[in-house]
Amino acid sequence: MDNTHPRLRELKYTLYRIFRNPSAIIGFTLLVFFIGVAVLAPVLAPPKYAHNPYQMPHKGFSPTPKPPSEKAIFGTTSGQYDIYYGVVWGTRTAFKIGLFVVVISGLFGVGLGAVSGYYGGWLDEALMRVTDIMWAIPTLVLAMAIVVAFGRGLDKVMIALALIQWRWYVRVIRSEILTLRDQDFVQAARVMGVSDFKIIRRHILPNAIYPVLIMASMDMGSMVITASFMSFVGLGSPKGYADWGQMVALARNYIVGPPDDPLRFWYTIAIPGACIILFVLAWNLIGDALRDAFDPKLRRR
Amino acid sequence: MTPLIRTENLVTNFYTYEGVVRALNGVSLVVDHGTTFGLVGESGCGKSVAVRSMMRIIQEPGRVEGGRVVAFFDPRDKRRGIDLLQQSEAYMEHLRGDQISMIFQEPNAALNPIMSIGDQVAESFLFHKKKEMAAAVLAAMDRENGRPPWPLGAFQRALYARTAVSPRDPLVALTGRLPLVRRWQMRLRREALRRSVEIIGKLGIPNPEAVARLYPHNLSGGMKQRIVIAIALACSPLLLIADEATSNLDVTIQAQILDLLRHLKETEIASILLITHDLGVVAETCDRVGVMYAGNLCEVANVTDLFNAPRHPYTRALLEAVPRLHQDGPLRSIEGAVPNLVNPPAGCRFHPRCPEARAICRKHFPETVHLGGDHSVACYLYTDRPRGEGAA
Amino acid sequence: MLTYILRRFFFLTFVLFGVSVLLFGILMTFSPERRAAAYVTTPQQAKDIPRIIQQFGLDDPFYVQYVRWIKEVSRGNMGWSLVAARPVGEAFWRYFPITLEMNLYAAPIVIFLGIWLGSVSGIHRDSWIDHSTRIFAIIGWSLPTFLFALVLLMVFYGYFQMFSPGVLSDALAMSIIDHPDQYTAYTGMLTIDGLLNGRLDIALDALHHLVLPILTYVIVVVALNMRVMRSGIIEELSKDYVLTARAKGADRRTIHYRHARRNALLPVVTVAGQLVAMSMEGSIAVEVVYNRQGIGWWLAESATQLDMPVLMCICLFMGVVFVVTNLTIDILYAYIDPRIRLN
Amino acid sequence: MSTLLQLRGLQKHYPVRGGVFRHQVASVKALDGIDLDIHRGECLGLVGESGCGKTTTGKAIIRLHRPTGGKIIYHRGNGGAPVDIAGLPASALKRERIRGRLQMVFQDPTTSLNPRMLVKNIIAEPLREQSSMGSRELETRILELLSMVGLTKDHYLRYPHEFSGGQRQRIAVARAIATHPEFLVLDEPTSALDVSVQAQILNLLHTLREKLELTYLFVTHHLLVVKYISNRLAVMYLGKVVEIASTAVLFNRARHPYTHALLSGIPIPDTGRRSRRILLQGDVPSPLNPPTGCRFHTRCPFVIDRCRAEEPVLKTFSDGHRVACHRRDEMERLVRDRFGR
């Protein structure tokens, strides 16, 4: 056995398991690409309005999209917004949406689920009834209701989604904890007089966190889908904001071109659309690979 | 003694992510007609794999990769052996449950949770006794009314008649699958259920009709194990394989089941192949014993010889490691642990833990030598030849 | 068993109550003035906002308003829809059949296709068929419904000129509107009404317009069902009772279909609730893109016009659907699984 | 011999909820009045079939759960006043330093060791909780513990899955003795292990008991193991103790029919001793609804009317042998006549 630190060895082993799966390689490659684009956005597409880089620059107001040219390599969309600029800065928007929703709802849901699953009793009962109520309405519909009540805007959409999505994490972590709670090593810790807080932190969460990670990875994608649909129907980002959903909305009236050239405006939808799909695909592939890698049945014997 | 089933150099490997698990490393054993053969060893030594390979029910990612399993199941010519590994899957399906059957370790998992007990036992009859049952149904139909009164009845009768001739008749198979039409088999099912109630009752379960209607979760562990035995016994097999059949049961229930097995051995089945890690069970029920270690059969002997004069160092150590009823002095323990079969030790797989290991033990696996009195052992204490050299 | 159903029933009424309080809570974040605007149907009334607030007690305490609202809702009065320009209740019954029709056609496809693909890929694990269904599933899972619908529209309608959006072609729609005496809306679902009225052309045209929506929807939704079925089959096939069945002499067919699949269906039944939620979300995107005037389209339109009563109505409706589905699932589950049925 | 623990009427009932509102409709009587004395320095074997309450008893003593009734009187080794720990809250147990004194070794070391913790941290956990050691001191103590259970410094920085079953159980033992306990509950510590390793652990436990002056409660269903390691045995059936005696006495002159059945049911690893078994009919009744009178009467081969009506109490013979059976005085004769043992 090699002499590296055991934690390092574990990490290596985990990574080996993850990357044994081709879907993980594709997923992470895509993700690295998107991260690169997001980080380098100011270099790749220098903002025209320094105070608000997310505002897409536009030349003129003509409603007809223009095809890719030297000035705009991906063409322009309706209203002459530059597609290239929008796609680049839209990557940042996508990360912003995903990370915000997943981090907030994940932390909230995991905390709540851990406490309620570990202690059980009336607290758990009450919390479960509240989540039951939350479960009764589909995410998108509830998000729409909340956004209508709070007002439009991308920030409102993000808040609304975070307010809804925690229910998933509560459910996932709770079911994990219910099985872990009666495991012998948790009982052993209790015999040693370890406090409940430390038991949750040291024994339960590290063993329950993988399903949450898988969930979070899948959520990064699905939240971006939901948010872009909200933008598409006009509840999300305002016009001209660098957001993929918004750009698809701008393309909506041009999906069918003139009769002689029906696919003339393909770039207006294909480019932002491909961004959304690849972004979501990246996270889903990663989630899928994690699911395989962390499957307790397939892990070591 | 005539052999009933014999394995020759059986090799089974499991292709896992961690590597190739060499679970069976050339196992040769013989189960004779009318005996109880015990296969003992610690967990992971390959005893379950051995019997599953014999029945060809190794699950993914395992593969039987070498050797022969010769079965002498022909009632007319007991010398005529058939290599099961060469037969088609259909042949094996026909054989399993009819001539060889198996009971499993965990009665809670061995039964389908959403199928009634009666149906699960009845399946055995439906797989193997369709012909006889169809004939019985036909006879009953003829008794009830001389001639079938309506066309559907005539159709039904015709189908039963065809089943009684050949249960694999294409028309029977087709009509047995079509929705609604397949209801013609109702009487066959009822007949199978009647037989299952009978066999359940025979195993000493009170009120078998009611039990047949229950589901596995309604029964206690001991009862479930009886049902599993009923399934295995349904078609009166020649060989019953009991894979740790009593290990997960309580002492008093285990006593009941062992008693039942002993009784069945005298009345119903020819031979039992009993797999266990409990030397006590072996001593009490078996005639011959094989000791396995890390995928190898190290010693085979009659039960009294094995307990009184063990030859292989592993057998000796094992016998000294279990507490006896009249134990005086401390238990001898075997140092070290069972090796990982992905990367087994070269040579004799026991050599790292063997107190009598020699240089040659580290290099080659020893040949199996026959000492007197049906006692065979694979150890360099008794031979100088490694396996593969000079073997006839 | 009866206790079990009663207990479920009790919880579900509780959930419905909770949903209504939640929704009303969201509604109450509006100022009284904005809520008063919902009662305005004519320009004259717009001047009398304070009077409306007074009249309808819009600044009363929460619970007073809640009880009043529930009373109204239970009487069928859900408010006024700006988008439909008629009372919400009335508009609902106009839009609902369109959505229902699509779901009625799509649901069996989703269910059977999902179960079939899932079992095939689970049974032939790690074969090419398994890999391709898995790739199909993960791509279906990653496709945003609205985007996929747009692309289909672009390709089929734009390029092949095959399936036009809307619920009916213009000429047919005209003929219906022009002659209400020749056509009676029995169910509101065009394919069924067409047949009932003896107008095969309407039924066929409506079906023609359903092709793309159903295709979109099935591809996006079927992935969930498939994945659950696949992992269910794989799990069941690794269980000991499968080994018992093999040891009895069961053939592959019997093991796969009589033993493993029936057990693997149990987890599929439990995700049915999630499927219903997904199909509702799917309806919104599909109807918006294909311009089908159903509940989903109405919801999206109302949301952009801040038409709160409609959102409330639809949320409440979906809550009811979800609750009823879950009750059905629970009963169904108890029926399939003897472990629950007999306890 | 002084007493370490006295159990008096110990009860543990688990509520069974049912009905529309999940109210309590019945209770599972896992322990229904256990009276037991554990002497200092002995190894008391607690045997019985699954579900008889033996593990529940063990877990009640170290207060893994709170018993619903009865007393657990703990006579502390340092001369402190006896305390009833049955009802003490968790904080008081920790404050009074009782936690570290009563420890447990679980059945399966694969599940009793946190798979995401290093061996170092696993063993350090009780030390950190119960004492305030510096990191240097902690490390020496852990290494000392490792060598006590037969492991070396090489094993210090490893994860549990890198060990074999026997080694894992050694780690679990090291963790249990880390805080200088005087009492250990051993819950089937060898039944998840292989036969060849079982002896290693049994011998280790035996030497540790002598070296550290420990007291054991050895919970098991394996009678030969318990015979090897225990001085005294208590037999449990359906939430009750039915017989207590020293090991030798119990194996030679058992007085309860259930003990007889258990003893005759052990498969003996010696040939030529196939004696007649006492086969009990049926299964253990449900603890939801235990039989009236003597709980064993539904399966007892020697049942008389009195057994169905009246519950026998534990009666003590002069040699300390305690039996709860109405026919205890004639049992030897009954068994001999009926089963020829």
# chains A, B, ... in the order shown; residues from 1 in each chain; ligands from 1
$ residues_around --residues "region 163-179 of chain B" --least-positions-apart "6" --cutoff "12 Å" --atoms "only C-alpha atoms" --output "PyMOL selection string"
(chain B and resi 90+94+126-139+155-157+185-186+188-189) or (chain C and resi 253-254+257-258)
$ interface_residues --of "chain D" --to "chain A" --cutoff "7 Å" --atoms "only C-alpha atoms" --output "list in words"
Ile62, Leu64, Lys94, Arg99, Gly100, Gln103, Phe106, Thr111, Ser112, Leu113, Asn114, Pro126, Glu129, Leu157 and Arg158 of chain D
$ write_last_selection --atoms "N, CA and C atoms" --output "PDB file, in the first residue's frame"
ATOM      1  N   ILE D  62     -26.497   0.314  29.158  1.00  0.00           N
ATOM      2  CA  ILE D  62     -25.598   1.418  28.823  1.00  0.00           C
ATOM      3  C   ILE D  62     -26.388   2.642  28.381  1.00  0.00           C
ATOM      4  N   LEU D  64     -28.563   3.244  25.963  1.00  0.00           N
ATOM      5  CA  LEU D  64     -28.735   3.652  24.575  1.00  0.00           C
ATOM      6  C   LEU D  64     -30.173   4.039  24.342  1.00  0.00           C
ATOM      7  N   LYS D  94     -23.465  12.095  31.319  1.00  0.00           N
ATOM      8  CA  LYS D  94     -22.168  12.580  30.874  1.00  0.00           C
ATOM      9  C   LYS D  94     -21.468  13.336  32.013  1.00  0.00           C
ATOM     10  N   ARG D  99     -20.972   7.654  31.333  1.00  0.00           N
ATOM     11  CA  ARG D  99     -20.869   7.242  29.937  1.00  0.00           C
ATOM     12  C   ARG D  99     -19.590   6.457  29.646  1.00  0.00           C
ATOM     13  N   GLY D 100     -18.495   7.017  30.092  1.00  0.00           N
ATOM     14  CA  GLY D 100     -17.226   6.382  29.775  1.00  0.00           C
ATOM     15  C   GLY D 100     -16.998   5.075  30.503  1.00  0.00           C
ATOM     16  N   GLN D 103     -19.548   0.727  28.528  1.00  0.00           N
ATOM     17  CA  GLN D 103     -19.382   0.802  27.082  1.00  0.00           C
ATOM     18  C   GLN D 103     -19.900  -0.448  26.395  1.00  0.00           C
ATOM     19  N   PHE D 106     -20.340  -3.635  19.440  1.00  0.00           N
ATOM     20  CA  PHE D 106     -21.503  -4.039  18.652  1.00  0.00           C
ATOM     21  C   PHE D 106     -21.232  -5.301  17.856  1.00  0.00           C
ATOM     22  N   THR D 111     -20.644  -2.114  10.389  1.00  0.00           N
ATOM     23  CA  THR D 111     -21.609  -1.031  10.562  1.00  0.00           C
ATOM     24  C   THR D 111     -21.342  -0.223  11.823  1.00  0.00           C
ATOM     25  N   SER D 112     -20.544  -0.741  12.742  1.00  0.00           N
ATOM     26  CA  SER D 112     -20.373   0.027  13.979  1.00  0.00           C
ATOM     27  C   SER D 112     -19.196   1.001  13.893  1.00  0.00           C
ATOM     28  N   LEU D 113     -18.446   0.955  12.808  1.00  0.00           N
ATOM     29  CA  LEU D 113     -17.379   1.940  12.625  1.00  0.00           C
ATOM     30  C   LEU D 113     -17.776   2.869  11.487  1.00  0.00           C
ATOM     31  N   ASN D 114     -17.709   4.155  11.732  1.00  0.00           N
ATOM     32  CA  ASN D 114     -18.075   5.122  10.707  1.00  0.00           C
ATOM     33  C   ASN D 114     -17.130   4.985   9.511  1.00  0.00           C
ATOM     34  N   PRO D 126     -14.110   8.799  21.751  1.00  0.00           N
ATOM     35  CA  PRO D 126     -14.509   8.733  23.155  1.00  0.00           C
ATOM     36  C   PRO D 126     -13.522   9.464  24.063  1.00  0.00           C
ATOM     37  N   GLU D 129     -14.266  13.064  24.035  1.00  0.00           N
ATOM     38  CA  GLU D 129     -15.518  13.388  24.711  1.00  0.00           C
ATOM     39  C   GLU D 129     -15.373  13.302  26.223  1.00  0.00           C
ATOM     40  N   LEU D 157      -3.417   5.302  10.590  1.00  0.00           N
ATOM     41  CA  LEU D 157      -4.029   6.195   9.606  1.00  0.00           C
ATOM     42  C   LEU D 157      -4.658   5.391   8.471  1.00  0.00           C
ATOM     43  N   ARG D 158      -5.731   4.717   8.782  1.00  0.00           N
ATOM     44  CA  ARG D 158      -6.402   3.916   7.762  1.00  0.00           C
ATOM     45  C   ARG D 158      -7.899   4.093   7.930  1.00  0.00           C
TER      46      ARG D 158
END
$ closest_atom_pairs --of "chain B" --to "chain C" --cutoff "6 Å" --atoms "only C-alpha atoms" --output "JSON lines"
{"residue": "B:Glu93", "atom": "CA", "partner": "C:Gly249", "partner_atom": "CA", "distance": 4.4}
{"residue": "B:Arg96", "atom": "CA", "partner": "C:Gly249", "partner_atom": "CA", "distance": 4.6}
{"residue": "B:Gly97", "atom": "CA", "partner": "C:Lys248", "partner_atom": "CA", "distance": 3.9}
{"residue": "B:Ser101", "atom": "CA", "partner": "C:Ala247", "partner_atom": "CA", "distance": 5.9}
{"residue": "B:Ala109", "atom": "CA", "partner": "C:Asp240", "partner_atom": "CA", "distance": 5.4}
{"residue": "B:Ala110", "atom": "CA", "partner": "C:Tyr241", "partner_atom": "CA", "distance": 4.1}
{"residue": "B:Leu111", "atom": "CA", "partner": "C:Tyr241", "partner_atom": "CA", "distance": 4.8}
{"residue": "B:Asn112", "atom": "CA", "partner": "C:Tyr241", "partner_atom": "CA", "distance": 5.4}
{"residue": "B:Ile114", "atom": "CA", "partner": "C:Pro338", "partner_atom": "CA", "distance": 5.9}
{"residue": "B:Ser124", "atom": "CA", "partner": "C:Lys248", "partner_atom": "CA", "distance": 5.7}
$ residues_around --residues "Lys315 (chain D)" --least-positions-apart "6" --cutoff "8 Å" --atoms "only C-alpha atoms" --output "compact mmCIF listing (two decimals) with C-alpha atoms, in the first residue's frame"
# COMPACT_ATOMS: atom_id res chain seq x y z
CA ARG D 322 -32.49 -19.19 39.83
CA VAL D 323 -35.34 -20.60 37.75
CA ALA D 324 -38.78 -19.38 36.79
$ select_by_dssp --residues "region 15-141 of chain A" --states "helix (DSSP H, G or I)" --output "JSON, numbers by chain"
{"A": [15, 16, 17, 18, 19, 22, 23, 24, 25, 26, 27, 28, 29, 30, 31, 32, 33, 34, 35, 36, 37, 38, 39, 41, 42, 43, 44, 83, 84, 85, 86, 87, 88, 89, 90, 91, 92, 93, 94, 95, 96, 97, 98, 99, 100, 101, 102, 103, 104, 105, 106, 107, 108, 109, 110, 111, 112, 113, 114, 115, 116, 117, 118, 119, 121, 122, 123, 124, 125, 126, 127, 128, 129, 130, 131, 132, 133, 134, 135, 139, 140, 141]}
$ residues_around --residues "Pro330 (chain B)" --least-positions-apart "3" --cutoff "10 Å" --atoms "only C-alpha atoms" --output "list in words"
Glu320, Ala321, Pro323, Gln327 and Ser333 of chain B; Ala199, Leu202, Asn203, His206, Tyr228 and Ile229 of chain D
$ write_last_selection --atoms "all heavy atoms" --output "PDB file, in the first residue's frame"
ATOM      1  N   GLU B 320      -9.789 -26.677  15.813  1.00  0.00           N
ATOM      2  CA  GLU B 320      -9.312 -26.219  17.122  1.00  0.00           C
ATOM      3  C   GLU B 320      -9.807 -24.822  17.444  1.00  0.00           C
ATOM      4  O   GLU B 320      -9.688 -24.355  18.567  1.00  0.00           O
ATOM      5  CB  GLU B 320      -7.776 -26.249  17.153  1.00  0.00           C
ATOM      6  CG  GLU B 320      -7.272 -27.651  17.388  1.00  0.00           C
ATOM      7  CD  GLU B 320      -5.780 -27.754  17.205  1.00  0.00           C
ATOM      8  OE1 GLU B 320      -5.137 -26.699  17.016  1.00  0.00           O
ATOM      9  OE2 GLU B 320      -5.265 -28.884  17.249  1.00  0.00           O
ATOM     10  N   ALA B 321     -10.369 -24.152  16.444  1.00  0.00           N
ATOM     11  CA  ALA B 321     -10.806 -22.771  16.675  1.00  0.00           C
ATOM     12  C   ALA B 321     -12.250 -22.695  17.136  1.00  0.00           C
ATOM     13  O   ALA B 321     -12.685 -21.670  17.631  1.00  0.00           O
ATOM     14  CB  ALA B 321     -10.637 -21.946  15.394  1.00  0.00           C
ATOM     15  N   PRO B 323     -15.308 -23.532  19.632  1.00  0.00           N
ATOM     16  CA  PRO B 323     -15.497 -24.021  20.995  1.00  0.00           C
ATOM     17  C   PRO B 323     -16.256 -25.348  20.984  1.00  0.00           C
ATOM     18  O   PRO B 323     -17.197 -25.520  20.211  1.00  0.00           O
ATOM     19  CB  PRO B 323     -16.301 -22.915  21.678  1.00  0.00           C
ATOM     20  CG  PRO B 323     -16.660 -21.930  20.648  1.00  0.00           C
ATOM     21  CD  PRO B 323     -16.050 -22.315  19.356  1.00  0.00           C
ATOM     22  N   GLN B 327     -14.849 -28.035  26.322  1.00  0.00           N
ATOM     23  CA  GLN B 327     -13.654 -27.310  25.961  1.00  0.00           C
ATOM     24  C   GLN B 327     -12.798 -27.143  27.200  1.00  0.00           C
ATOM     25  O   GLN B 327     -13.258 -26.640  28.217  1.00  0.00           O
ATOM     26  CB  GLN B 327     -14.058 -25.938  25.409  1.00  0.00           C
ATOM     27  CG  GLN B 327     -12.921 -25.047  25.009  1.00  0.00           C
ATOM     28  CD  GLN B 327     -12.382 -25.463  23.654  1.00  0.00           C
ATOM     29  OE1 GLN B 327     -13.139 -25.899  22.804  1.00  0.00           O
ATOM     30  NE2 GLN B 327     -11.083 -25.315  23.473  1.00  0.00           N
ATOM     31  N   SER B 333      -6.444 -20.001  17.771  1.00  0.00           N
ATOM     32  CA  SER B 333      -6.987 -19.201  16.683  1.00  0.00           C
ATOM     33  C   SER B 333      -6.045 -19.257  15.493  1.00  0.00           C
ATOM     34  O   SER B 333      -4.865 -19.563  15.635  1.00  0.00           O
ATOM     35  CB  SER B 333      -7.178 -17.758  17.121  1.00  0.00           C
ATOM     36  OG  SER B 333      -5.943 -17.193  17.429  1.00  0.00           O
TER      37      SER B 333
ATOM     38  N   ALA D 199     -12.159 -17.058  17.214  1.00  0.00           N
ATOM     39  CA  ALA D 199     -11.330 -17.450  18.349  1.00  0.00           C
ATOM     40  C   ALA D 199     -10.364 -16.330  18.733  1.00  0.00           C
ATOM     41  O   ALA D 199     -10.132 -16.081  19.914  1.00  0.00           O
ATOM     42  CB  ALA D 199     -10.567 -18.720  18.004  1.00  0.00           C
ATOM     43  N   LEU D 202     -12.390 -13.817  20.728  1.00  0.00           N
ATOM     44  CA  LEU D 202     -12.770 -14.351  22.037  1.00  0.00           C
ATOM     45  C   LEU D 202     -11.570 -14.354  22.977  1.00  0.00           C
ATOM     46  O   LEU D 202     -11.678 -13.955  24.144  1.00  0.00           O
ATOM     47  CB  LEU D 202     -13.318 -15.773  21.896  1.00  0.00           C
ATOM     48  CG  LEU D 202     -14.713 -15.895  21.273  1.00  0.00           C
ATOM     49  CD1 LEU D 202     -15.101 -17.362  21.143  1.00  0.00           C
ATOM     50  CD2 LEU D 202     -15.742 -15.158  22.110  1.00  0.00           C
ATOM     51  N   ASN D 203     -10.423 -14.779  22.458  1.00  0.00           N
ATOM     52  CA  ASN D 203      -9.226 -14.808  23.303  1.00  0.00           C
ATOM     53  C   ASN D 203      -8.801 -13.408  23.703  1.00  0.00           C
ATOM     54  O   ASN D 203      -8.384 -13.170  24.836  1.00  0.00           O
ATOM     55  CB  ASN D 203      -8.085 -15.529  22.589  1.00  0.00           C
ATOM     56  CG  ASN D 203      -8.361 -17.016  22.483  1.00  0.00           C
ATOM     57  OD1 ASN D 203      -9.168 -17.555  23.250  1.00  0.00           O
ATOM     58  ND2 ASN D 203      -7.724 -17.681  21.538  1.00  0.00           N
ATOM     59  N   HIS D 206     -11.012 -12.213  26.391  1.00  0.00           N
ATOM     60  CA  HIS D 206     -10.702 -12.915  27.615  1.00  0.00           C
ATOM     61  C   HIS D 206      -9.483 -12.294  28.314  1.00  0.00           C
ATOM     62  O   HIS D 206      -9.514 -12.005  29.515  1.00  0.00           O
ATOM     63  CB  HIS D 206     -10.436 -14.381  27.298  1.00  0.00           C
ATOM     64  CG  HIS D 206     -10.415 -15.240  28.505  1.00  0.00           C
ATOM     65  ND1 HIS D 206     -11.557 -15.705  29.101  1.00  0.00           N
ATOM     66  CD2 HIS D 206      -9.368 -15.690  29.248  1.00  0.00           C
ATOM     67  CE1 HIS D 206     -11.239 -16.408  30.155  1.00  0.00           C
ATOM     68  NE2 HIS D 206      -9.911 -16.423  30.272  1.00  0.00           N
ATOM     69  N   TYR D 228     -17.761 -21.002  26.499  1.00  0.00           N
ATOM     70  CA  TYR D 228     -16.310 -20.844  26.532  1.00  0.00           C
ATOM     71  C   TYR D 228     -15.890 -19.637  27.349  1.00  0.00           C
ATOM     72  O   TYR D 228     -14.905 -19.659  28.065  1.00  0.00           O
ATOM     73  CB  TYR D 228     -15.796 -20.708  25.091  1.00  0.00           C
ATOM     74  CG  TYR D 228     -14.330 -20.410  24.983  1.00  0.00           C
ATOM     75  CD1 TYR D 228     -13.377 -21.325  25.437  1.00  0.00           C
ATOM     76  CD2 TYR D 228     -13.899 -19.215  24.423  1.00  0.00           C
ATOM     77  CE1 TYR D 228     -12.033 -21.049  25.336  1.00  0.00           C
ATOM     78  CE2 TYR D 228     -12.549 -18.933  24.319  1.00  0.00           C
ATOM     79  CZ  TYR D 228     -11.620 -19.851  24.777  1.00  0.00           C
ATOM     80  OH  TYR D 228     -10.293 -19.580  24.673  1.00  0.00           O
ATOM     81  N   ILE D 229     -16.667 -18.568  27.265  1.00  0.00           N
ATOM     82  CA  ILE D 229     -16.173 -17.304  27.831  1.00  0.00           C
ATOM     83  C   ILE D 229     -16.859 -16.879  29.122  1.00  0.00           C
ATOM     84  O   ILE D 229     -16.321 -16.086  29.886  1.00  0.00           O
ATOM     85  CB  ILE D 229     -16.243 -16.176  26.764  1.00  0.00           C
ATOM     86  CG1 ILE D 229     -15.368 -14.998  27.178  1.00  0.00           C
ATOM     87  CG2 ILE D 229     -17.651 -15.751  26.486  1.00  0.00           C
ATOM     88  CD1 ILE D 229     -15.039 -14.075  26.055  1.00  0.00           C
TER      89      ILE D 229
END
$ residues_around --residues "Asn9 (chain B)" --least-positions-apart "3" --cutoff "8 Å" --atoms "only C-alpha atoms" --output "JSON list (two decimals) with N, CA, C and O atoms, in the first residue's frame"
[["chain", "number", "residue", "atom", "x", "y", "z"],
["B", 25, "ASN", "N", -11.19, -22.31, -7.70],
["B", 25, "ASN", "CA", -9.90, -22.55, -8.33],
["B", 25, "ASN", "C", -9.73, -24.05, -8.56],
["B", 25, "ASN", "O", -8.84, -24.68, -8.00],
["B", 26, "GLY", "N", -10.64, -24.62, -9.35],
["B", 26, "GLY", "CA", -10.50, -26.04, -9.64],
["B", 26, "GLY", "C", -11.01, -26.91, -8.52],
["B", 26, "GLY", "O", -10.23, -27.51, -7.78],
["B", 27, "VAL", "N", -12.31, -26.99, -8.38],
["B", 27, "VAL", "CA", -12.89, -27.78, -7.30],
["B", 27, "VAL", "C", -13.43, -29.08, -7.86],
["B", 27, "VAL", "O", -14.18, -29.08, -8.84],
["B", 28, "SER", "N", -13.01, -30.22, -7.27],
["B", 28, "SER", "CA", -13.50, -31.52, -7.70],
["B", 28, "SER", "C", -14.11, -32.22, -6.50],
["B", 28, "SER", "O", -13.43, -32.44, -5.50],
["B", 66, "GLY", "N", -14.43, -23.19, -16.44],
["B", 66, "GLY", "CA", -13.69, -24.40, -16.73],
["B", 66, "GLY", "C", -14.20, -25.57, -15.92],
["B", 66, "GLY", "O", -14.95, -25.40, -14.95],
["B", 67, "GLY", "N", -13.83, -26.74, -16.31],
["B", 67, "GLY", "CA", -14.19, -27.93, -15.58],
["B", 67, "GLY", "C", -15.46, -28.57, -16.10],
["B", 67, "GLY", "O", -15.99, -28.18, -17.15],
["B", 68, "ARG", "N", -15.88, -29.60, -15.38],
["B", 68, "ARG", "CA", -17.09, -30.32, -15.78],
["B", 68, "ARG", "C", -17.97, -30.55, -14.57],
["B", 68, "ARG", "O", -17.49, -30.64, -13.44]]
$ closest_residue --among "D:Asn121, D:Met148, D:Pro109, D:Pro67" --to "Ser135 (chain D)" --atoms "only C-alpha atoms"
D:Asn121
$ atom_distance --atom1 "CA of Lys29 (chain D)" --atom2 "CA of Gln11 (chain D)"
7.8 Å
